file final_17.cif (mmCIF, C-alpha atoms)
data_final
#
loop_
_atom_site.label_atom_id
_atom_site.label_comp_id
_atom_site.auth_asym_id
_atom_site.auth_seq_id
_atom_site.Cartn_x
_atom_site.Cartn_y
_atom_site.Cartn_z
CA MET A 124 8.40 -7.27 -16.77
CA LYS A 125 6.66 -3.92 -16.46
CA ILE A 126 8.34 -1.35 -14.24
CA LEU A 127 7.13 1.99 -12.86
CA VAL A 128 9.74 4.44 -11.58
CA CYS A 129 8.34 7.16 -9.31
CA LEU A 130 10.09 10.51 -9.66
CA SER A 131 10.19 13.58 -7.42
CA ASN A 132 11.00 17.02 -8.81
CA VAL A 133 13.37 18.52 -6.23
CA PRO A 134 15.63 21.59 -5.94
CA ASP A 135 19.25 21.10 -6.93
CA THR A 136 21.37 20.77 -3.79
CA THR A 137 23.34 23.89 -4.76
CA SER A 138 20.21 26.07 -4.86
CA LYS A 139 19.82 28.92 -2.40
CA ILE A 140 16.66 28.25 -0.41
CA ASN A 141 14.22 31.00 0.60
CA PHE A 142 10.62 31.18 1.79
CA THR A 143 7.74 33.55 1.12
CA ASP A 144 4.36 34.51 2.62
CA GLY A 145 5.66 34.75 6.17
CA ASP A 146 7.87 31.65 5.78
CA THR A 147 4.87 29.46 4.93
CA LYS A 148 5.73 28.69 1.29
CA PHE A 149 8.86 27.60 -0.55
CA ASP A 150 10.17 30.27 -2.95
CA THR A 151 10.86 28.64 -6.33
CA ASN A 152 12.25 31.78 -7.99
CA GLY A 153 15.69 31.12 -9.43
CA VAL A 154 15.73 27.50 -8.23
CA GLN A 155 16.93 24.76 -10.58
CA PHE A 156 14.92 21.53 -10.24
CA VAL A 157 16.28 18.04 -10.90
CA ILE A 158 15.32 14.39 -10.55
CA ASN A 159 15.49 13.39 -6.89
CA PRO A 160 18.87 11.63 -6.46
CA ASN A 161 17.39 8.54 -4.80
CA ASP A 162 14.94 8.26 -7.71
CA GLU A 163 17.77 8.64 -10.22
CA PHE A 164 19.50 5.57 -8.81
CA GLY A 165 16.20 3.69 -9.24
CA LEU A 166 15.72 4.92 -12.80
CA THR A 167 19.22 3.75 -13.72
CA ARG A 168 18.51 0.29 -12.27
CA ALA A 169 15.25 0.14 -14.23
CA MET A 170 17.18 0.94 -17.42
CA TRP A 171 19.47 -2.00 -16.64
CA PHE A 172 16.42 -4.30 -16.43
CA LYS A 173 15.20 -2.88 -19.74
CA GLU A 174 18.48 -3.47 -21.53
CA LYS A 175 19.33 -6.87 -19.98
CA GLN A 176 15.89 -8.41 -19.52
CA GLY A 177 13.63 -6.56 -21.97
CA ALA A 178 11.58 -4.78 -19.32
CA THR A 179 9.19 -1.94 -20.16
CA VAL A 180 9.90 1.19 -18.10
CA HIS A 181 7.36 3.90 -17.30
CA VAL A 182 8.02 6.93 -15.09
CA ALA A 183 5.48 8.89 -13.07
CA THR A 184 5.41 12.06 -11.02
CA VAL A 185 2.84 14.12 -9.16
CA GLY A 186 3.24 17.78 -10.08
CA GLU A 187 2.19 20.69 -12.22
CA ALA A 188 3.38 21.47 -15.75
CA SER A 189 6.61 22.97 -14.37
CA THR A 190 7.80 19.42 -13.57
CA GLU A 191 7.75 18.30 -17.21
CA PRO A 192 11.41 19.12 -17.98
CA THR A 193 12.39 16.70 -15.21
CA ILE A 194 10.20 13.90 -16.49
CA ARG A 195 11.32 14.58 -20.06
CA LYS A 196 14.89 14.01 -18.88
CA ALA A 197 13.83 10.54 -17.68
CA LEU A 198 12.39 9.84 -21.13
CA ALA A 199 15.63 11.04 -22.72
CA ILE A 200 17.59 8.66 -20.47
CA GLY A 201 15.53 5.82 -21.91
CA ALA A 202 12.15 5.41 -20.17
CA ASP A 203 9.43 4.31 -22.60
CA GLU A 204 6.51 6.38 -21.36
CA ALA A 205 5.71 9.01 -18.73
CA ILE A 206 2.71 9.89 -16.59
CA ARG A 207 2.21 13.20 -14.82
CA VAL A 208 -0.56 13.58 -12.26
CA ASN A 209 -1.65 17.19 -12.63
CA ALA A 210 -1.63 18.19 -8.96
CA VAL A 211 0.52 19.94 -6.38
CA PRO A 212 2.21 17.24 -4.24
CA THR A 213 0.84 18.56 -0.96
CA ASP A 214 2.08 15.73 1.28
CA GLY A 215 3.39 12.18 1.20
CA TYR A 216 0.06 10.45 1.73
CA PHE A 217 -1.59 12.42 -1.08
CA VAL A 218 1.29 11.55 -3.44
CA ALA A 219 1.16 7.86 -2.50
CA GLU A 220 -2.58 7.70 -3.19
CA GLN A 221 -2.09 9.24 -6.65
CA LEU A 222 0.72 6.83 -7.48
CA ALA A 223 -1.30 3.87 -6.18
CA GLU A 224 -4.00 4.71 -8.73
CA ILE A 225 -1.38 4.64 -11.51
CA VAL A 226 -0.09 1.28 -10.25
CA LYS A 227 -3.61 -0.16 -10.17
CA ASN A 228 -4.37 0.94 -13.72
CA GLY A 229 -0.96 -0.01 -15.10
CA GLU A 230 -0.62 -3.51 -13.61
CA TYR A 231 3.09 -3.08 -12.85
CA ASP A 232 5.30 -5.93 -11.67
CA LEU A 233 7.92 -3.71 -10.04
CA VAL A 234 7.63 -0.19 -8.63
CA ILE A 235 10.86 1.65 -7.89
CA ALA A 236 10.74 4.77 -5.74
CA GLY A 237 13.44 6.64 -3.87
CA ARG A 238 13.43 5.95 -0.13
CA GLU A 239 12.92 9.69 0.40
CA SER A 240 13.08 12.98 -1.47
CA ILE A 241 15.90 15.39 -0.62
CA ASP A 242 13.59 18.38 -0.13
CA TYR A 243 11.11 17.30 2.56
CA ASN A 244 12.81 14.01 3.55
CA GLY A 245 9.50 12.48 4.60
CA GLY A 246 10.50 8.92 3.69
CA MET A 247 6.88 7.77 3.66
CA VAL A 248 5.75 7.46 0.04
CA PRO A 249 7.21 4.02 -0.90
CA GLY A 250 5.81 2.26 2.19
CA ILE A 251 2.35 3.82 1.92
CA LEU A 252 2.30 3.07 -1.82
CA ALA A 253 3.14 -0.60 -1.19
CA SER A 254 0.39 -0.84 1.43
CA LEU A 255 -2.23 0.81 -0.77
CA SER A 256 -1.25 -1.39 -3.72
CA GLY A 257 -1.07 -4.65 -1.75
CA MET A 258 2.50 -5.30 -2.90
CA ASN A 259 5.61 -6.59 -1.14
CA PHE A 260 7.97 -3.88 0.07
CA VAL A 261 11.71 -3.49 0.62
CA ASN A 262 12.98 -0.15 1.89
CA THR A 263 16.53 1.33 1.90
CA CYS A 264 17.30 -1.02 -0.99
CA ILE A 265 20.91 -1.01 -2.25
CA SER A 266 20.79 -4.06 -4.55
CA LEU A 267 18.06 -5.73 -6.58
CA GLU A 268 18.08 -8.79 -8.84
CA ILE A 269 15.01 -10.22 -10.58
CA GLU A 270 14.69 -13.73 -11.99
CA GLY A 271 11.26 -14.65 -13.26
CA ASN A 272 8.80 -13.85 -10.48
CA ASN A 273 11.45 -13.96 -7.77
CA ALA A 274 13.41 -11.02 -6.41
CA THR A 275 16.55 -10.85 -4.30
CA ALA A 276 17.20 -7.53 -2.58
CA VAL A 277 19.82 -6.19 -0.21
CA ARG A 278 18.84 -3.39 2.11
CA GLU A 279 20.83 -1.20 4.46
CA ILE A 280 20.10 -1.66 8.17
CA ASP A 281 21.67 -0.24 11.33
CA GLY A 282 25.16 -1.67 11.56
CA GLY A 283 25.08 -3.69 8.36
CA LYS A 284 23.11 -5.10 5.44
CA GLU A 285 20.23 -7.54 5.10
CA LYS A 286 19.60 -9.87 2.15
CA ILE A 287 15.93 -10.57 1.41
CA SER A 288 14.17 -12.99 -0.93
CA THR A 289 10.67 -12.00 -2.05
CA THR A 290 8.34 -12.17 -5.03
CA LEU A 291 6.77 -9.80 -7.52
CA PRO A 292 4.77 -7.60 -7.51
CA LEU A 293 7.16 -5.52 -5.45
CA VAL A 294 7.75 -1.93 -4.35
CA ILE A 295 11.25 -0.85 -3.35
CA GLY A 296 12.52 2.31 -1.70
CA GLY A 297 15.88 2.69 -3.43
CA GLN A 298 18.89 4.78 -2.50
CA LYS A 299 22.57 5.32 -3.22
CA GLY A 300 24.16 1.92 -3.81
CA LEU A 301 21.35 0.54 -5.96
CA VAL A 302 23.71 1.33 -8.83
CA ALA A 303 27.19 2.81 -8.83
CA GLU A 304 27.33 6.59 -9.10
CA SER A 305 29.51 6.18 -12.19
CA ASP A 306 26.60 4.35 -13.89
CA LEU A 307 24.19 7.31 -13.61
CA ARG A 308 23.27 8.55 -17.06
CA ILE A 309 23.26 11.91 -18.79
CA PRO A 310 20.86 12.22 -21.76
CA ASN A 311 22.62 12.38 -25.11
CA MET A 312 21.31 14.24 -28.16
CA ARG A 313 19.76 11.11 -29.66
CA GLY A 314 17.91 10.40 -26.42
CA ILE A 315 16.68 14.00 -26.19
CA MET A 316 15.33 13.86 -29.76
CA MET A 317 13.64 10.49 -29.18
CA ALA A 318 12.06 11.75 -25.94
CA ARG A 319 10.03 14.26 -27.96
CA GLN A 320 8.26 11.37 -29.65
CA LYS A 321 7.47 9.42 -26.49
CA LYS A 322 4.13 9.64 -24.69
CA LEU A 323 3.77 11.95 -21.72
CA ASN A 324 0.31 11.30 -20.36
CA VAL A 325 -1.24 13.98 -18.16
CA VAL A 326 -3.95 12.66 -15.85
CA GLU A 327 -6.12 14.48 -13.36
CA PRO A 328 -5.76 13.54 -9.68
CA ILE A 329 -8.19 11.32 -7.88
CA SER A 330 -9.95 12.64 -4.80
CA ALA A 331 -7.51 11.90 -2.00
CA SER A 332 -6.72 12.80 1.59
CA LYS A 333 -4.37 15.57 2.62
CA ALA A 334 -3.07 14.35 5.95
CA THR A 335 -0.75 17.23 6.84
CA ASP A 336 -0.32 20.98 6.35
CA ASP A 337 2.88 23.01 6.26
CA VAL A 338 2.62 25.59 9.04
CA LYS A 339 5.98 27.35 8.78
CA PHE A 340 9.50 26.89 7.45
CA GLU A 341 12.64 27.98 9.23
CA LYS A 342 16.24 28.04 8.09
CA PRO A 343 18.95 26.53 10.31
CA ALA A 344 20.61 28.98 12.66
CA SER A 345 23.78 30.61 11.35
CA LYS A 346 27.03 29.11 12.56
CA GLY A 347 28.69 30.97 15.40
CA GLN A 348 32.24 32.25 15.56
CA VAL A 349 35.06 29.76 15.77
CA LYS A 350 38.05 29.96 18.10
CA LEU A 351 41.27 28.40 16.92
CA VAL A 352 43.57 26.76 19.45
CA ASP A 353 47.17 25.74 18.82
CA ALA A 354 47.58 21.99 18.62
CA ASP A 355 50.11 22.01 21.47
CA ASN A 356 47.93 24.10 23.84
CA ILE A 357 45.85 21.31 25.32
CA ASP A 358 45.17 23.17 28.59
CA GLU A 359 43.49 26.06 26.77
CA LEU A 360 41.43 23.66 24.65
CA ILE A 361 40.18 21.85 27.75
CA ASN A 362 39.37 25.16 29.43
CA LEU A 363 37.31 26.37 26.42
CA LEU A 364 35.46 23.07 26.10
CA HIS A 365 34.66 23.08 29.81
CA ASN A 366 33.84 26.75 30.49
CA GLU A 367 32.61 28.14 27.15
CA ALA A 368 31.31 25.24 25.07
CA LYS A 369 30.26 23.36 28.23
CA VAL A 370 30.57 20.01 26.53
CA ILE A 371 32.81 18.45 29.16
#
call {"tool": "encode", "arguments": {"input": "final_17.cif", "output": "structure tokens"}}
result
Amino acid sequence: MKILVCLSNVPDTTSKINFTDGDTKFDTNGVQFVINPNDEFGLTRAMWFKEKQGATVHVATVGEASTEPTIRKALAIGADEAIRVNAVPTDGYFVAEQLAEIVKNGEYDLVIAGRESIDYNGGMVPGILASLSGMNFVNTCISLEIEGNNATAVREIDGGKEKISTTLPLVIGGQKGLVAESDLRIPNMRGIMMARQKKLNVVEPISASKATDDVKFEKPASKGQVKLVDADNIDELINLLHNEAKVI
């Protein structure tokens, strides 16, 4: 089985976010970038298929040279080969078209992507990629088993879970639950040294559509002042909720 894991290079959740050029561009100064958490769950599941079923695992990202430390980490974790499309990931449709070209050329059986990235939260790349590649698709996937050409997936739905049987080739949009958080891997020294010997292929982007433009970014409004009310003063609490907060 040949697997492609799609990676996004995203800011660490503890990073302080700022914007430049009149709030039209994201300011990367001083920001630590990491593998998108949803993608990291997918990468860990792919490593399980490699170790238990002998799968070959490639990773791919769309980004400039600054994304290479992130993709090198995936190689250090155990991926066999990496592909970087040398382009700025301008929007979800553009990214999906670039990844679809990699899928077409690589003849992958299984494509694992995160259901969304934690920076823009578009949630569109896996579905568009599946459509462009003509592959089956399971989104919000929290469990995946492969036996031969058959796949059994569990996905999260409103109010519960849904178990699905499908066949390869398959694209999934993975998320937390695909593997246990305790199973996520940190590269060891041996893996880091071996990653230096693995192929990182840089390819130029294909001509593709840019469907959207970022007009302006805006931070959430600051939280207002808080009034504390004694637990036994119910009348005052009701008065504040009714007359000041106006929620009752």
call {"tool": "closest_residue", "arguments": {"input": "final_17.cif", "among": "A:Lys148, A:Lys196, A:Lys125, A:Asn209", "to": "Ala178 in chain A", "atoms": "all atoms listed in the file"}}
result
A:Lys125
call {"tool": "closest_residue", "arguments": {"input": "final_17.cif", "among": "A:Gly201, A:Gly283, A:Gly245, A:Gly177", "to": "Arg319 in chain A", "atoms": "all atoms listed in the file"}}
result
A:Gly201
call {"tool": "closest_residue", "arguments": {"input": "final_17.cif", "among": "A:Ala253, A:Arg313, A:Asp203, A:Ala331", "to": "Val226 in chain A", "atoms": "all atoms listed in the file"}}
result
A:Ala253
call {"tool": "resolve_selection", "arguments": {"input": "final_17.cif", "expression": "the PyMOL selection byres ((chain A and resi 197) around 10)", "output": "VMD selection string"}}
result
chain A and resid 128 130 158 163 166 to 167 181 to 183 191 to 196 198 to 205 308 to 310 314 to 315 318
call {"tool": "residues_near_point", "arguments": {"input": "final_17.cif", "point": "(11.1, 14.1, -7.0)", "cutoff": "6 Å", "atoms": "all atoms listed in the file", "output": "PyMOL selection string"}}
result
chain A and resi 130-133+158-159+240
call {"tool": "atom_distance", "arguments": {"input": "final_17.cif", "atom1": "CA of Val208 in chain A", "atom2": "CA of Glu224 in chain A"}}
result
10.1 Å
call {"tool": "atom_distance", "arguments": {"input": "final_17.cif", "atom1": "CA of Lys339 in chain A", "atom2": "CA of Met247 in chain A"}}
result
20.3 Å
call {"tool": "atom_distance", "arguments": {"input": "final_17.cif", "atom1": "CA of Ala236 in chain A", "atom2": "CA of Gly165 in chain A"}}
result
6.6 Å
call {"tool": "resolve_selection", "arguments": {"input": "final_17.cif", "expression": "the PyMOL selection byres ((chain A and resi 304) around 12)", "output": "PyMOL selection string"}}
result
chain A and resi 160-161+163-165+167-168+298-303+305-309
call {"tool": "closest_residue", "arguments": {"input": "final_17.cif", "among": "A:Met258, A:Ala368, A:Met316, A:Ile329", "to": "Gly347 in chain A", "atoms": "all atoms listed in the file"}}
result
A:Ala368
call {"tool": "residues_around", "arguments": {"input": "final_17.cif", "residues": "Gln155 in chain A", "least_positions_apart": "4", "cutoff": "10 Å", "atoms": "all atoms listed in the file", "output": "JSON, numbers by chain"}}
result
{"A": [132, 133, 134, 135, 136, 137, 138, 139, 151]}
call {"tool": "decode", "arguments": {"input": "final_17.cif", "residues": "range 133-285 of chain A", "atoms": "C-alpha atoms", "output": "compact mmCIF listing (two decimals), in the first residue's frame"}}
result
# COMPACT_ATOMS: atom_id res chain seq x y z
CA VAL A 133 0.83 26.14 10.82
CA PRO A 134 1.66 28.48 13.72
CA ASP A 135 2.03 26.87 17.12
CA THR A 136 -1.12 27.48 19.15
CA THR A 137 0.88 29.39 21.77
CA SER A 138 2.16 31.92 19.22
CA LYS A 139 1.16 35.56 19.50
CA ILE A 140 -0.64 36.49 16.30
CA ASN A 141 -0.19 39.85 14.56
CA PHE A 142 -0.87 41.27 11.11
CA THR A 143 0.98 43.68 8.83
CA ASP A 144 0.32 45.87 5.78
CA GLY A 145 -2.90 47.32 7.14
CA ASP A 146 -4.05 43.97 8.59
CA THR A 147 -3.93 42.31 5.16
CA LYS A 148 -1.04 39.90 5.78
CA PHE A 149 -0.10 37.50 8.55
CA ASP A 150 3.06 38.54 10.41
CA THR A 151 5.38 35.52 10.67
CA ASN A 152 8.07 37.28 12.72
CA GLY A 153 8.80 35.36 15.91
CA VAL A 154 6.20 32.68 15.13
CA GLN A 155 7.07 29.01 15.66
CA PHE A 156 5.58 26.75 12.97
CA VAL A 157 4.60 23.11 13.49
CA ILE A 158 2.84 20.24 11.73
CA ASN A 159 -0.90 20.90 11.71
CA PRO A 160 -2.32 18.82 14.61
CA ASN A 161 -4.99 17.13 12.48
CA ASP A 162 -2.26 16.15 10.00
CA GLU A 163 -0.08 14.82 12.82
CA PHE A 164 -2.79 12.36 13.82
CA GLY A 165 -2.90 11.22 10.17
CA LEU A 166 0.88 10.88 9.95
CA THR A 167 0.91 8.71 13.08
CA ARG A 168 -1.78 6.45 11.61
CA ALA A 169 0.21 6.16 8.39
CA MET A 170 3.25 5.10 10.41
CA TRP A 171 1.12 2.36 11.98
CA PHE A 172 0.24 1.07 8.49
CA LYS A 173 3.93 1.16 7.58
CA GLU A 174 5.02 -0.82 10.63
CA LYS A 175 2.11 -3.31 10.70
CA GLN A 176 1.36 -3.75 7.00
CA GLY A 177 4.54 -2.70 5.20
CA ALA A 178 3.07 0.43 3.63
CA THR A 179 5.23 3.07 1.95
CA VAL A 180 4.62 6.55 3.37
CA HIS A 181 5.25 9.82 1.52
CA VAL A 182 4.46 13.28 2.87
CA ALA A 183 3.68 16.41 0.88
CA THR A 184 3.16 20.08 1.55
CA VAL A 185 2.56 23.23 -0.46
CA GLY A 186 4.89 25.97 0.75
CA GLU A 187 8.13 27.84 0.36
CA ALA A 188 11.55 26.76 1.66
CA SER A 189 10.64 27.99 5.16
CA THR A 190 8.34 24.96 5.52
CA GLU A 191 11.15 22.43 5.17
CA PRO A 192 11.88 22.05 8.92
CA THR A 193 8.28 20.90 9.36
CA ILE A 194 8.45 18.36 6.57
CA ARG A 195 11.87 17.19 7.78
CA LYS A 196 10.25 16.44 11.13
CA ALA A 197 7.80 14.13 9.33
CA LEU A 198 10.76 12.34 7.72
CA ALA A 199 12.41 12.04 11.14
CA ILE A 200 9.21 10.50 12.53
CA GLY A 201 9.50 7.81 9.86
CA ALA A 202 8.05 8.90 6.50
CA ASP A 203 10.03 7.47 3.57
CA GLU A 204 10.03 10.44 1.21
CA ALA A 205 8.82 14.04 1.06
CA ILE A 206 7.52 16.36 -1.64
CA ARG A 207 7.35 20.13 -1.35
CA VAL A 208 5.43 22.14 -3.94
CA ASN A 209 7.38 25.39 -4.18
CA ALA A 210 4.48 27.83 -3.89
CA VAL A 211 2.68 30.02 -1.38
CA PRO A 212 -0.53 28.21 -0.32
CA THR A 213 -2.82 31.06 -1.31
CA ASP A 214 -6.14 29.27 -0.73
CA GLY A 215 -7.66 25.84 -0.26
CA TYR A 216 -8.58 25.24 -3.89
CA PHE A 217 -5.07 26.12 -5.08
CA VAL A 218 -3.55 23.74 -2.50
CA ALA A 219 -5.94 20.92 -3.45
CA GLU A 220 -5.05 21.28 -7.14
CA GLN A 221 -1.32 21.05 -6.35
CA LEU A 222 -1.83 17.98 -4.17
CA ALA A 223 -4.06 16.36 -6.79
CA GLU A 224 -1.17 16.58 -9.26
CA ILE A 225 1.08 14.77 -6.76
CA VAL A 226 -1.58 12.09 -6.25
CA LYS A 227 -1.94 11.60 -10.01
CA ASN A 228 1.80 11.21 -10.53
CA GLY A 229 2.35 9.06 -7.45
CA GLU A 230 -0.50 6.55 -7.89
CA TYR A 231 -1.32 6.47 -4.18
CA ASP A 232 -3.78 4.01 -2.66
CA LEU A 233 -4.55 6.11 0.41
CA VAL A 234 -4.32 9.86 0.95
CA ILE A 235 -4.50 11.12 4.52
CA ALA A 236 -5.14 14.81 5.14
CA GLY A 237 -6.27 16.69 8.21
CA ARG A 238 -9.94 17.68 8.09
CA GLU A 239 -8.82 21.30 8.45
CA SER A 240 -5.76 23.36 9.33
CA ILE A 241 -5.77 25.25 12.63
CA ASP A 242 -4.76 28.58 11.07
CA TYR A 243 -7.43 29.30 8.44
CA ASN A 244 -9.85 26.47 9.36
CA GLY A 245 -11.14 26.26 5.80
CA GLY A 246 -11.90 22.54 5.96
CA MET A 247 -12.04 22.28 2.17
CA VAL A 248 -8.79 20.69 0.96
CA PRO A 249 -9.52 16.96 1.58
CA GLY A 250 -12.92 17.03 -0.14
CA ILE A 251 -11.72 19.01 -3.16
CA LEU A 252 -8.65 16.76 -3.42
CA ALA A 253 -10.83 13.63 -3.43
CA SER A 254 -13.06 15.12 -6.13
CA LEU A 255 -10.16 16.18 -8.34
CA SER A 256 -8.49 12.78 -7.92
CA GLY A 257 -11.66 10.72 -8.46
CA MET A 258 -11.20 8.90 -5.14
CA ASN A 259 -13.60 7.86 -2.39
CA PHE A 260 -13.76 10.27 0.54
CA VAL A 261 -14.43 10.06 4.28
CA ASN A 262 -14.29 13.28 6.29
CA THR A 263 -13.99 13.84 10.08
CA CYS A 264 -12.43 10.38 10.26
CA ILE A 265 -11.60 9.08 13.77
CA SER A 266 -10.78 5.44 12.93
CA LEU A 267 -9.41 3.68 9.87
CA GLU A 268 -8.66 0.02 9.17
CA ILE A 269 -7.41 -1.34 5.83
CA GLU A 270 -7.57 -4.96 4.71
CA GLY A 271 -6.51 -5.59 1.14
CA ASN A 272 -8.47 -3.19 -1.04
CA ASN A 273 -11.21 -2.68 1.55
CA ALA A 274 -11.37 0.08 4.14
CA THR A 275 -13.49 0.47 7.26
CA ALA A 276 -13.71 3.98 8.67
CA VAL A 277 -15.51 5.63 11.55
CA ARG A 278 -16.35 9.29 11.26
CA GLU A 279 -17.73 11.80 13.72
CA ILE A 280 -21.21 13.14 12.94
CA ASP A 281 -23.62 15.40 14.83
CA GLY A 282 -24.73 13.51 17.91
CA GLY A 283 -22.67 10.39 17.33
CA LYS A 284 -20.45 8.31 15.06
CA GLU A 285 -20.92 6.63 11.70
